[in-house]
$ cat protein.txt   # compact mmCIF, C-alpha atoms
# COMPACT_ATOMS: atom_id res chain seq x y z
CA MET A 1 109.83 116.81 102.60
CA ALA A 2 107.70 115.59 99.80
CA THR A 3 107.46 118.67 97.64
CA ILE A 4 109.17 120.60 94.94
CA PRO A 5 111.84 123.06 96.06
CA PRO A 6 110.56 126.30 97.58
CA GLY A 7 110.34 129.35 95.41
CA SER A 8 108.29 127.92 92.61
CA ASN A 9 105.14 129.88 91.91
CA ARG A 10 101.87 129.24 90.13
CA ASP A 11 103.17 130.89 86.99
CA SER A 12 106.32 128.81 86.90
CA PHE A 13 106.26 125.54 88.79
CA GLY A 14 103.77 125.05 91.58
CA SER A 15 101.39 127.02 93.77
CA ASN A 16 102.51 129.18 96.66
CA ASP A 17 99.61 129.45 99.09
CA ASN A 18 101.42 129.52 102.46
CA HIS A 19 104.57 128.46 104.24
CA ARG A 20 103.45 125.07 105.49
CA GLY A 21 102.20 124.41 102.00
CA LYS A 22 105.66 124.88 100.67
CA LEU A 23 107.10 122.54 103.23
CA TRP A 24 104.67 119.75 102.58
CA HIS A 25 104.98 120.47 100.94
CA TYR A 26 107.17 120.57 102.15
CA GLN A 27 104.66 122.75 102.44
CA ALA A 28 105.81 123.38 99.01
CA GLU A 29 105.32 123.83 101.43
CA THR A 30 103.96 126.73 100.17
CA GLN A 31 102.45 129.98 99.54
CA LEU A 32 100.64 133.17 98.99
CA ALA A 33 99.42 132.91 95.44
CA ASN A 34 97.83 135.85 93.66
CA HIS A 35 94.76 137.24 95.42
CA SER A 36 92.17 135.99 92.93
CA TRP A 37 93.40 132.41 93.25
CA LYS A 38 93.56 132.78 97.04
CA GLY A 39 89.93 133.89 97.08
CA ASN A 40 88.88 130.87 95.03
CA VAL A 41 90.64 128.58 97.48
CA SER A 42 88.82 130.28 100.39
CA ASN A 43 85.43 129.82 98.76
CA ALA A 44 86.17 126.19 97.94
CA PHE A 45 87.32 125.49 101.48
CA LEU A 46 84.25 127.10 103.05
CA THR A 47 82.14 124.80 100.92
CA GLU A 48 84.23 121.85 102.11
CA LEU A 49 83.79 123.03 105.69
CA ASP A 50 80.02 122.92 105.25
CA ARG A 51 80.30 119.32 104.05
CA TRP A 52 82.82 118.02 106.57
CA GLY A 53 82.99 120.55 109.40
CA PRO A 54 82.14 120.05 113.09
CA HIS A 55 78.37 119.88 112.65
CA ALA A 56 78.35 117.81 109.49
CA VAL A 57 80.89 115.09 110.28
CA ALA A 58 79.15 113.71 113.36
CA GLY A 59 76.26 112.21 111.45
CA LYS A 60 78.21 110.63 108.59
CA ALA A 61 79.85 107.24 108.26
CA VAL A 62 82.87 107.04 105.96
CA SER A 63 84.38 103.79 104.72
CA PRO A 64 88.17 103.37 104.46
CA ALA A 65 87.88 103.28 100.67
CA GLU A 66 85.88 106.52 100.60
CA ALA A 67 88.34 108.15 102.98
CA ALA A 68 91.32 107.10 100.85
CA ALA A 69 89.65 108.54 97.74
CA TYR A 70 88.97 111.77 99.63
CA THR A 71 92.58 112.33 100.73
CA ARG A 72 93.86 111.40 97.27
CA ARG A 73 91.56 114.01 95.73
CA ILE A 74 92.74 116.68 98.18
CA ALA A 75 96.38 115.95 97.43
CA ARG A 76 95.95 115.91 93.67
CA THR A 77 93.70 118.97 93.38
CA HIS A 78 95.32 121.25 95.96
CA TYR A 79 98.90 120.49 95.11
CA GLU A 80 99.48 120.41 91.39
CA ASN A 81 103.01 119.05 91.70
CA PHE A 82 102.03 115.77 93.33
CA PRO A 83 102.65 113.90 90.03
CA VAL A 84 106.28 114.99 90.33
CA VAL A 85 106.40 114.15 94.01
CA THR A 86 104.91 110.70 93.64
CA TRP A 87 107.34 109.81 90.86
CA LEU A 88 110.10 110.31 93.38
CA LEU A 89 108.41 108.16 96.02
CA PRO A 90 107.93 104.40 96.20
CA ARG A 91 104.44 103.64 94.91
CA LYS A 92 103.42 101.93 98.12
CA LEU A 93 103.90 105.21 99.99
CA HIS A 94 101.66 107.35 97.81
CA ARG A 95 98.44 106.89 99.76
CA HIS A 96 100.19 107.50 103.07
CA PHE A 97 101.67 110.77 101.83
CA TYR A 98 98.21 111.73 100.57
CA ASN A 99 96.77 111.03 104.02
CA VAL A 100 99.33 113.12 105.89
CA TYR A 101 99.13 115.89 103.31
CA ALA A 102 95.33 116.01 103.68
CA PHE A 103 95.72 116.45 107.44
CA CYS A 104 98.14 119.35 106.90
CA ARG A 105 95.97 120.88 104.20
CA TRP A 106 92.86 120.89 106.36
CA ALA A 107 94.70 122.27 109.40
CA ASP A 108 96.32 124.95 107.27
CA ASP A 109 93.02 125.99 105.72
CA LEU A 110 91.33 126.10 109.12
CA GLY A 111 94.00 128.60 110.11
CA ASP A 112 94.25 130.66 106.92
CA GLU A 113 91.02 130.41 104.95
CA VAL A 114 88.28 131.12 107.49
CA GLY A 115 88.88 134.87 107.69
CA ASP A 116 88.24 135.19 111.44
CA PRO A 117 91.06 134.39 113.90
CA ALA A 118 88.66 133.61 116.74
CA ARG A 119 86.69 131.20 114.57
CA SER A 120 89.92 129.66 113.30
CA LEU A 121 91.00 128.95 116.88
CA GLU A 122 87.66 127.25 117.55
CA LEU A 123 88.00 125.11 114.43
CA LEU A 124 91.60 124.20 115.17
CA ALA A 125 90.53 123.08 118.66
CA TRP A 126 87.91 120.88 116.96
CA TRP A 127 90.59 119.52 114.60
CA ARG A 128 92.79 118.63 117.57
CA LYS A 129 89.87 116.78 119.18
CA GLU A 130 89.29 114.87 115.93
CA LEU A 131 93.01 113.99 115.93
CA ARG A 132 92.90 112.72 119.49
CA ASP A 133 89.75 110.72 118.79
CA CYS A 134 91.54 109.19 115.82
CA PHE A 135 94.40 108.08 118.05
CA ALA A 136 91.80 106.71 120.47
CA GLY A 137 90.39 104.53 117.69
CA GLU A 138 87.30 106.64 116.92
CA PRO A 139 87.98 108.54 113.68
CA ARG A 140 85.01 110.33 112.08
CA HIS A 141 86.30 112.83 109.54
CA PRO A 142 87.42 111.19 106.25
CA VAL A 143 90.94 112.58 106.71
CA PHE A 144 91.27 110.78 110.02
CA VAL A 145 89.61 107.59 108.80
CA ALA A 146 92.35 107.43 106.16
CA LEU A 147 95.11 108.73 108.43
CA ARG A 148 94.47 106.10 111.10
CA GLU A 149 95.78 103.38 108.79
CA THR A 150 98.96 105.41 108.20
CA ILE A 151 99.44 106.11 111.90
CA PHE A 152 99.08 102.41 112.70
CA GLU A 153 101.25 101.20 109.81
CA PHE A 154 104.20 103.46 110.64
CA SER A 155 103.76 103.80 114.43
CA ILE A 156 103.56 107.59 114.21
CA PRO A 157 103.02 109.34 117.56
CA ILE A 158 100.60 112.19 118.02
CA ALA A 159 103.28 114.82 118.79
CA PRO A 160 104.16 116.02 115.26
CA PHE A 161 100.49 116.42 114.37
CA GLU A 162 99.75 118.38 117.54
CA ASP A 163 102.84 120.54 117.01
CA LEU A 164 101.56 121.55 113.59
CA ILE A 165 98.15 122.47 114.98
CA SER A 166 99.90 124.51 117.67
CA ALA A 167 101.76 126.49 115.00
CA PHE A 168 98.54 127.19 113.10
CA GLU A 169 97.00 128.43 116.34
CA GLN A 170 99.98 130.71 116.93
CA ASP A 171 99.44 132.24 113.48
CA GLN A 172 96.12 133.60 114.73
CA THR A 173 97.65 135.67 117.53
CA VAL A 174 101.36 136.25 116.78
CA HIS A 175 102.26 138.33 113.74
CA GLU A 176 105.77 139.52 114.61
CA TYR A 177 108.79 138.06 116.42
CA GLU A 178 111.09 139.84 118.83
CA THR A 179 113.96 137.34 118.75
CA PHE A 180 115.31 134.70 116.44
CA GLU A 181 114.83 132.10 119.18
CA GLN A 182 111.11 132.86 119.15
CA LEU A 183 111.08 132.43 115.38
CA ARG A 184 113.09 129.21 115.67
CA ASP A 185 110.57 127.87 118.18
CA TYR A 186 107.82 128.58 115.66
CA CYS A 187 109.78 126.70 112.99
CA ARG A 188 110.18 123.76 115.38
CA ARG A 189 106.40 123.40 115.35
CA SER A 190 105.44 124.69 111.89
CA ALA A 191 108.23 123.11 109.80
CA ASP A 192 110.26 120.49 111.64
CA PRO A 193 107.26 118.16 112.32
CA VAL A 194 106.73 117.78 108.57
CA GLY A 195 110.23 116.38 108.13
CA ARG A 196 109.74 114.05 111.06
CA LEU A 197 106.52 112.75 109.55
CA VAL A 198 108.37 112.08 106.31
CA LEU A 199 111.05 110.16 108.22
CA TYR A 200 108.35 108.01 109.80
CA LEU A 201 106.72 107.32 106.43
CA CYS A 202 110.06 106.38 104.91
CA ARG A 203 110.97 104.24 107.95
CA GLN A 204 114.05 106.37 108.50
CA PHE A 205 113.09 107.87 111.86
CA ARG A 206 116.22 107.63 113.98
CA GLU A 207 117.59 110.00 116.56
CA ASP A 208 120.71 110.73 114.49
CA ASN A 209 118.55 111.76 111.51
CA LEU A 210 116.44 114.26 113.45
CA PRO A 211 118.93 117.17 113.64
CA LEU A 212 119.56 116.91 109.89
CA SER A 213 115.87 116.78 109.05
CA ASP A 214 115.10 119.68 111.38
CA ALA A 215 117.89 121.73 109.83
CA ILE A 216 116.49 121.26 106.32
CA CYS A 217 112.95 122.07 107.41
CA THR A 218 113.89 125.18 109.35
CA GLY A 219 116.19 126.25 106.51
CA LEU A 220 113.36 125.91 104.01
CA GLN A 221 110.97 127.80 106.25
CA LEU A 222 113.45 130.65 106.70
CA THR A 223 114.12 130.68 102.97
CA ASN A 224 110.42 131.11 102.31
CA PHE A 225 110.23 133.91 104.85
CA TRP A 226 113.06 135.87 103.22
CA GLN A 227 111.66 135.22 99.76
CA ASP A 228 108.22 136.47 100.84
CA VAL A 229 109.07 139.50 103.01
CA ALA A 230 106.80 141.76 100.94
CA ARG A 231 103.95 139.28 100.59
CA ASP A 232 103.94 138.54 104.30
CA ALA A 233 103.88 142.28 105.02
CA ASP A 234 100.79 142.51 102.84
CA ILE A 235 98.93 140.25 105.29
CA GLY A 236 100.38 141.86 108.39
CA ARG A 237 103.08 139.31 109.21
CA VAL A 238 106.72 140.13 109.95
CA TYR A 239 109.21 137.29 110.32
CA LEU A 240 112.35 139.43 110.42
CA PRO A 241 113.19 139.30 114.16
CA ARG A 242 113.13 142.71 115.77
CA GLU A 243 116.43 142.06 117.53
CA ASP A 244 118.08 141.54 114.15
CA ARG A 245 116.47 144.64 112.68
CA LEU A 246 117.76 146.72 115.56
CA ARG A 247 121.20 145.13 115.33
CA PHE A 248 121.57 146.31 111.75
CA GLY A 249 119.92 149.67 112.33
CA TYR A 250 116.73 148.97 110.39
CA ALA A 251 114.12 151.02 112.20
CA ASP A 252 110.47 150.12 112.69
CA ASP A 253 109.49 153.11 110.53
CA ASP A 254 111.73 151.76 107.76
CA LEU A 255 109.97 148.43 108.01
CA ARG A 256 106.52 149.99 107.79
CA GLY A 257 107.66 152.09 104.86
CA ARG A 258 109.28 149.10 103.12
CA VAL A 259 112.49 151.06 102.80
CA THR A 260 115.41 149.45 100.99
CA ASN A 261 118.59 150.93 102.45
CA ASP A 262 122.05 149.68 103.38
CA ALA A 263 120.78 148.48 106.76
CA PHE A 264 118.07 146.39 105.14
CA LEU A 265 120.42 144.87 102.58
CA GLU A 266 122.89 143.86 105.28
CA LEU A 267 120.04 142.47 107.39
CA LEU A 268 118.80 140.31 104.52
CA ARG A 269 122.32 139.16 103.74
CA PHE A 270 122.65 138.02 107.35
CA GLU A 271 119.30 136.20 107.34
CA VAL A 272 120.03 134.52 104.00
CA ASP A 273 123.43 133.34 105.24
CA ARG A 274 121.83 131.87 108.36
CA ALA A 275 119.19 130.03 106.33
CA ARG A 276 121.93 128.75 104.03
CA GLN A 277 123.80 127.34 107.02
CA PHE A 278 120.72 125.42 108.17
CA LEU A 279 120.25 123.88 104.72
CA THR A 280 123.92 123.05 104.34
CA ASP A 281 123.99 121.44 107.78
CA GLY A 282 121.02 119.23 106.85
CA LEU A 283 122.16 118.22 103.38
CA PRO A 284 124.02 115.06 104.55
CA LEU A 285 120.59 113.56 105.32
CA ALA A 286 120.21 112.84 101.61
CA ASP A 287 123.11 110.38 101.66
CA ARG A 288 121.37 108.42 104.41
CA MET A 289 118.16 107.92 102.44
CA PRO A 290 117.48 104.90 100.20
CA GLY A 291 116.73 105.04 96.47
CA ARG A 292 114.52 107.81 95.18
CA LEU A 293 114.15 109.28 98.65
CA ARG A 294 117.73 110.48 98.40
CA ILE A 295 116.77 112.50 95.31
CA ASP A 296 113.71 113.91 97.03
CA ILE A 297 115.63 115.12 100.08
CA GLU A 298 118.42 116.56 97.97
CA LEU A 299 115.89 118.45 95.85
CA PHE A 300 114.49 120.12 98.95
CA ALA A 301 117.79 121.27 100.33
CA ARG A 302 119.35 122.31 97.01
CA GLY A 303 116.10 123.95 95.91
CA GLY A 304 116.20 126.08 99.03
CA LEU A 305 119.84 126.94 98.41
CA ARG A 306 118.98 127.90 94.84
CA VAL A 307 116.30 130.32 96.09
CA LEU A 308 118.80 131.87 98.49
CA ASP A 309 121.17 132.31 95.55
CA ALA A 310 118.36 134.03 93.68
CA ILE A 311 117.80 136.42 96.59
CA ALA A 312 121.50 137.26 96.61
CA ALA A 313 121.45 137.70 92.82
CA ILE A 314 118.90 140.52 93.09
CA GLY A 315 121.06 142.22 95.71
CA TYR A 316 118.69 141.23 98.55
CA ARG A 317 116.11 143.74 97.29
CA VAL A 318 113.12 141.59 98.18
CA TRP A 319 110.84 144.58 98.79
CA ASP A 320 110.99 145.20 95.04
CA THR A 321 111.32 141.71 93.55
CA ARG A 322 110.23 138.25 94.63
CA PRO A 323 112.77 135.69 93.38
CA VAL A 324 111.31 132.39 92.19
CA LEU A 325 112.53 129.18 90.62
CA LYS A 326 111.30 128.58 87.12
CA LYS A 327 110.48 125.12 85.84
CA ARG A 328 113.82 124.90 84.07
CA HIS A 329 115.61 125.51 87.38
CA PHE A 330 113.72 122.66 89.03
CA LEU A 331 114.46 120.31 86.15
CA GLY A 332 118.14 121.23 86.38
CA LEU A 333 118.15 120.44 90.09
CA LEU A 334 116.41 117.14 89.40
CA LEU A 335 118.95 116.11 86.78
CA LYS A 336 121.84 117.01 89.07
CA ALA A 337 120.28 115.02 91.91
CA LEU A 338 119.80 112.02 89.63
CA PHE A 339 123.42 112.23 88.51
CA ARG A 340 124.71 112.51 92.06
CA THR A 341 122.61 109.51 93.11
CA ALA A 342 124.00 107.41 90.28
CA TRP A 343 127.55 108.50 91.09
CA HIS A 344 126.99 107.84 94.78
CA ARG A 345 125.82 104.30 94.08
CA ARG A 346 128.72 103.55 91.74
CA GLN A 347 131.20 104.80 94.34
CA ARG A 348 129.75 102.21 96.69
CA GLY A 349 130.03 99.52 94.07
CA GLY A 350 126.29 99.07 93.68
CA GLN A 351 123.70 99.56 90.98
CA VAL A 352 121.30 102.46 90.86
CA HIS A 353 118.01 101.03 92.11
CA PHE A 354 114.80 102.91 92.76
CA PRO A 355 112.30 101.02 94.92
CA ASP A 356 108.72 100.51 93.72
$ encode --input "protein.txt" --output "structure tokens"
Amino acid sequence: MATIPPGSNRDSFGSNDNHRGKLWHYQAETQLANHSWKGNVSNAFLTELDRWGPHAVAGKAVSPAEAAAYTRRIARTHYENFPVVTWLLPRKLHRHFYNVYAFCRWADDLGDEVGDPARSLELLAWWRKELRDCFAGEPRHPVFVALRETIFEFSIPIAPFEDLISAFEQDQTVHEYETFEQLRDYCRRSADPVGRLVLYLCRQFREDNLPLSDAICTGLQLTNFWQDVARDADIGRVYLPREDRLRFGYADDDLRGRVTNDAFLELLRFEVDRARQFLTDGLPLADRMPGRLRIDIELFARGGLRVLDAIAAIGYRVWDTRPVLKKRHFLGLLLKALFRTAWHRRQRGGQVHFPD
């Protein structure tokens, strides 16, 4: 959950290159920036693929120090809000968040930046093999050389990493969802694993925390979908479940024509309310987190709720307007989270203490 709230954009507070980006950051998450910036990212990644792709990585030896510098560079150059994120995290966790973020960034780019679904599937299969070799004690790619230390330190299993790769693979072949359960299954693999990784890194992975974490992650993912209905349509992706569209009388022709009518407005109201329920259900997780982590988790959930409020404020007309959070909105959320943390600590008779 180590990102700014969803809804920030490159012109306000953060980049929006894709949904996992938002969640890690979370996405952030996250998320279809303007096309010129997207093209620059693609060119940069293809250059990186030449340097560290399947054919190049086999003949190179990377030291742990070089690998750590590599993942730190990826985190700081790809995600411009990491200075904010790392302020909220204990210093000793920074490099581990960089390592996990670099894994997500590479997997995401293999899925979104190659420009050929068949080639993306081949590269994602290679990335899974590199992951499994890492768990077998034979990392080669600098991301996995760095990530192995994190995996060992926090006893992270392979499942959340493989789930994320599975979701990126699904993106290559599935562009529309018939039912909400199908969409929820996608969120279980594209969003929920990020929250579980964060719980591992924060040593808060417990069975009773998982439903709350999953609720926040799925809520954020859904929020991003409803915020980006038009942008996703631009790249041929539809996340509004067909069963819901039919339920509210929003025809396929209306969807293709991007028609805003009463049926669409009621459909979006329904989807926004459902996303809000997920976020609200997960919000108690913040009270279970220590120190600054409580602020971080609360920022995610309340940031998502704020975006949903913004969608409602424009009358659910997301075909015409994409609601975003400006920097001032984020700062307001941060101040409120800080105040609530201080109040929470005083109610318990303790001092406000943020771990190093």
$ residues_around --input "protein.txt" --residues "A:Leu285" --least-positions-apart "3" --cutoff "9 Å" --atoms "all atoms listed in the file" --output "list in words"
Asn209, Leu212, Ser213, Ile216, Asp281, Gly282, Arg288, Met289, Arg294, Ile297 and Glu298 of chain A
$ closest_residue --input "protein.txt" --among "A:Ile156, A:Ala125, A:Ala61, A:Ala167" --to "A:Pro142" --atoms "only C-alpha atoms"
A:Ala61
$ closest_residue --input "protein.txt" --among "A:Val307, A:Ile235, A:Ala102, A:Leu46" --to "A:Gln221" --atoms "all atoms listed in the file"
A:Val307
$ closest_residue --input "protein.txt" --among "A:Ala230, A:Leu299, A:Val198, A:Ala312" --to "A:Glu266" --atoms "only C-alpha atoms"
A:Ala312
$ atom_distance --input "protein.txt" --atom1 "atom CA of A:Lys60" --atom2 "atom CA of A:Lys129"
16.9 Å
$ residues_around --input "protein.txt" --residues "A:Ala215" --least-positions-apart "5" --cutoff "10 Å" --atoms "only C-alpha atoms" --output "number ranges by chain"
A: 188, 191-192, 195, 210, 220-221, 275-283, 285, 301
$ closest_residue --input "protein.txt" --among "A:Arg237, A:Phe270, A:Arg306, A:Leu121" --to "A:Val174" --atoms "only C-alpha atoms"
A:Arg237
$ residues_around --input "protein.txt" --residues "stretch 180-183 of chain A" --least-positions-apart "5" --cutoff "10 Å" --atoms "all atoms listed in the file" --output "ChimeraX atom specification"
/A:188,218,222,239-244
$ atom_distance --input "protein.txt" --atom1 "atom CA of A:Phe205" --atom2 "atom CA of A:Phe168"
24.2 Å
$ residues_around --input "protein.txt" --residues "A:Leu147" --least-positions-apart "2" --cutoff "8 Å" --atoms "only C-alpha atoms" --output "ChimeraX atom specification"
/A:96,99-100,103,143-145,149-151
$ atom_distance --input "protein.txt" --atom1 "atom CA of A:Arg73" --atom2 "atom CA of A:Pro193"
23.2 Å
$ build_atoms --input "protein.txt" --residues "stretch 193-216 of chain A" --atoms "N, CA and C atoms" --output "PDB file, in the frame of the given file"
ATOM      1  N   PRO A 193     108.106 119.361 112.248  1.00  0.00           N
ATOM      2  CA  PRO A 193     107.260 118.160 112.320  1.00  0.00           C
ATOM      3  C   PRO A 193     106.995 117.528 110.962  1.00  0.00           C
ATOM      4  N   VAL A 194     106.973 118.336 109.905  1.00  0.00           N
ATOM      5  CA  VAL A 194     106.730 117.780 108.570  1.00  0.00           C
ATOM      6  C   VAL A 194     107.859 116.826 108.192  1.00  0.00           C
ATOM      7  N   GLY A 195     109.095 117.251 108.423  1.00  0.00           N
ATOM      8  CA  GLY A 195     110.230 116.380 108.130  1.00  0.00           C
ATOM      9  C   GLY A 195     110.210 115.123 108.962  1.00  0.00           C
ATOM     10  N   ARG A 196     109.805 115.228 110.203  1.00  0.00           N
ATOM     11  CA  ARG A 196     109.740 114.050 111.060  1.00  0.00           C
ATOM     12  C   ARG A 196     108.671 113.084 110.589  1.00  0.00           C
ATOM     13  N   LEU A 197     107.555 113.612 110.112  1.00  0.00           N
ATOM     14  CA  LEU A 197     106.520 112.750 109.550  1.00  0.00           C
ATOM     15  C   LEU A 197     107.041 112.005 108.320  1.00  0.00           C
ATOM     16  N   VAL A 198     107.790 112.720 107.488  1.00  0.00           N
ATOM     17  CA  VAL A 198     108.370 112.080 106.310  1.00  0.00           C
ATOM     18  C   VAL A 198     109.332 110.967 106.719  1.00  0.00           C
ATOM     19  N   LEU A 199     110.138 111.204 107.743  1.00  0.00           N
ATOM     20  CA  LEU A 199     111.050 110.160 108.220  1.00  0.00           C
ATOM     21  C   LEU A 199     110.283 108.935 108.688  1.00  0.00           C
ATOM     22  N   TYR A 200     109.175 109.146 109.382  1.00  0.00           N
ATOM     23  CA  TYR A 200     108.350 108.010 109.800  1.00  0.00           C
ATOM     24  C   TYR A 200     107.830 107.243 108.576  1.00  0.00           C
ATOM     25  N   LEU A 201     107.296 107.974 107.605  1.00  0.00           N
ATOM     26  CA  LEU A 201     106.720 107.320 106.430  1.00  0.00           C
ATOM     27  C   LEU A 201     107.766 106.562 105.637  1.00  0.00           C
ATOM     28  N   CYS A 202     108.978 107.037 105.659  1.00  0.00           N
ATOM     29  CA  CYS A 202     110.060 106.380 104.910  1.00  0.00           C
ATOM     30  C   CYS A 202     110.831 105.382 105.775  1.00  0.00           C
ATOM     31  N   ARG A 203     110.351 105.157 106.993  1.00  0.00           N
ATOM     32  CA  ARG A 203     110.970 104.240 107.950  1.00  0.00           C
ATOM     33  C   ARG A 203     112.448 104.583 108.186  1.00  0.00           C
ATOM     34  N   GLN A 204     112.699 105.886 108.243  1.00  0.00           N
ATOM     35  CA  GLN A 204     114.050 106.370 108.500  1.00  0.00           C
ATOM     36  C   GLN A 204     114.106 107.231 109.755  1.00  0.00           C
ATOM     37  N   PHE A 205     113.116 107.073 110.639  1.00  0.00           N
ATOM     38  CA  PHE A 205     113.090 107.870 111.860  1.00  0.00           C
ATOM     39  C   PHE A 205     114.078 107.296 112.857  1.00  0.00           C
ATOM     40  N   ARG A 206     115.190 107.989 113.000  1.00  0.00           N
ATOM     41  CA  ARG A 206     116.220 107.630 113.980  1.00  0.00           C
ATOM     42  C   ARG A 206     116.714 108.919 114.623  1.00  0.00           C
ATOM     43  N   GLU A 207     117.166 108.809 115.845  1.00  0.00           N
ATOM     44  CA  GLU A 207     117.590 110.000 116.560  1.00  0.00           C
ATOM     45  C   GLU A 207     118.691 110.758 115.826  1.00  0.00           C
ATOM     46  N   ASP A 208     119.603 110.037 115.169  1.00  0.00           N
ATOM     47  CA  ASP A 208     120.710 110.730 114.490  1.00  0.00           C
ATOM     48  C   ASP A 208     120.258 111.413 113.208  1.00  0.00           C
ATOM     49  N   ASN A 209     119.064 111.076 112.690  1.00  0.00           N
ATOM     50  CA  ASN A 209     118.550 111.760 111.510  1.00  0.00           C
ATOM     51  C   ASN A 209     117.778 113.033 111.856  1.00  0.00           C
ATOM     52  N   LEU A 210     117.315 113.150 113.093  1.00  0.00           N
ATOM     53  CA  LEU A 210     116.440 114.260 113.450  1.00  0.00           C
ATOM     54  C   LEU A 210     117.101 115.630 113.312  1.00  0.00           C
ATOM     55  N   PRO A 211     118.331 115.833 113.808  1.00  0.00           N
ATOM     56  CA  PRO A 211     118.930 117.170 113.640  1.00  0.00           C
ATOM     57  C   PRO A 211     119.093 117.570 112.175  1.00  0.00           C
ATOM     58  N   LEU A 212     119.390 116.608 111.313  1.00  0.00           N
ATOM     59  CA  LEU A 212     119.560 116.910 109.890  1.00  0.00           C
ATOM     60  C   LEU A 212     118.224 117.275 109.253  1.00  0.00           C
ATOM     61  N   SER A 213     117.198 116.487 109.567  1.00  0.00           N
ATOM     62  CA  SER A 213     115.870 116.780 109.050  1.00  0.00           C
ATOM     63  C   SER A 213     115.375 118.128 109.534  1.00  0.00           C
ATOM     64  N   ASP A 214     115.535 118.392 110.826  1.00  0.00           N
ATOM     65  CA  ASP A 214     115.100 119.680 111.380  1.00  0.00           C
ATOM     66  C   ASP A 214     115.834 120.841 110.726  1.00  0.00           C
ATOM     67  N   ALA A 215     117.117 120.657 110.457  1.00  0.00           N
ATOM     68  CA  ALA A 215     117.890 121.730 109.830  1.00  0.00           C
ATOM     69  C   ALA A 215     117.364 122.055 108.442  1.00  0.00           C
ATOM     70  N   ILE A 216     117.041 121.020 107.659  1.00  0.00           N
ATOM     71  CA  ILE A 216     116.490 121.260 106.320  1.00  0.00           C
ATOM     72  C   ILE A 216     115.146 121.963 106.417  1.00  0.00           C
TER      73      ILE A 216
END
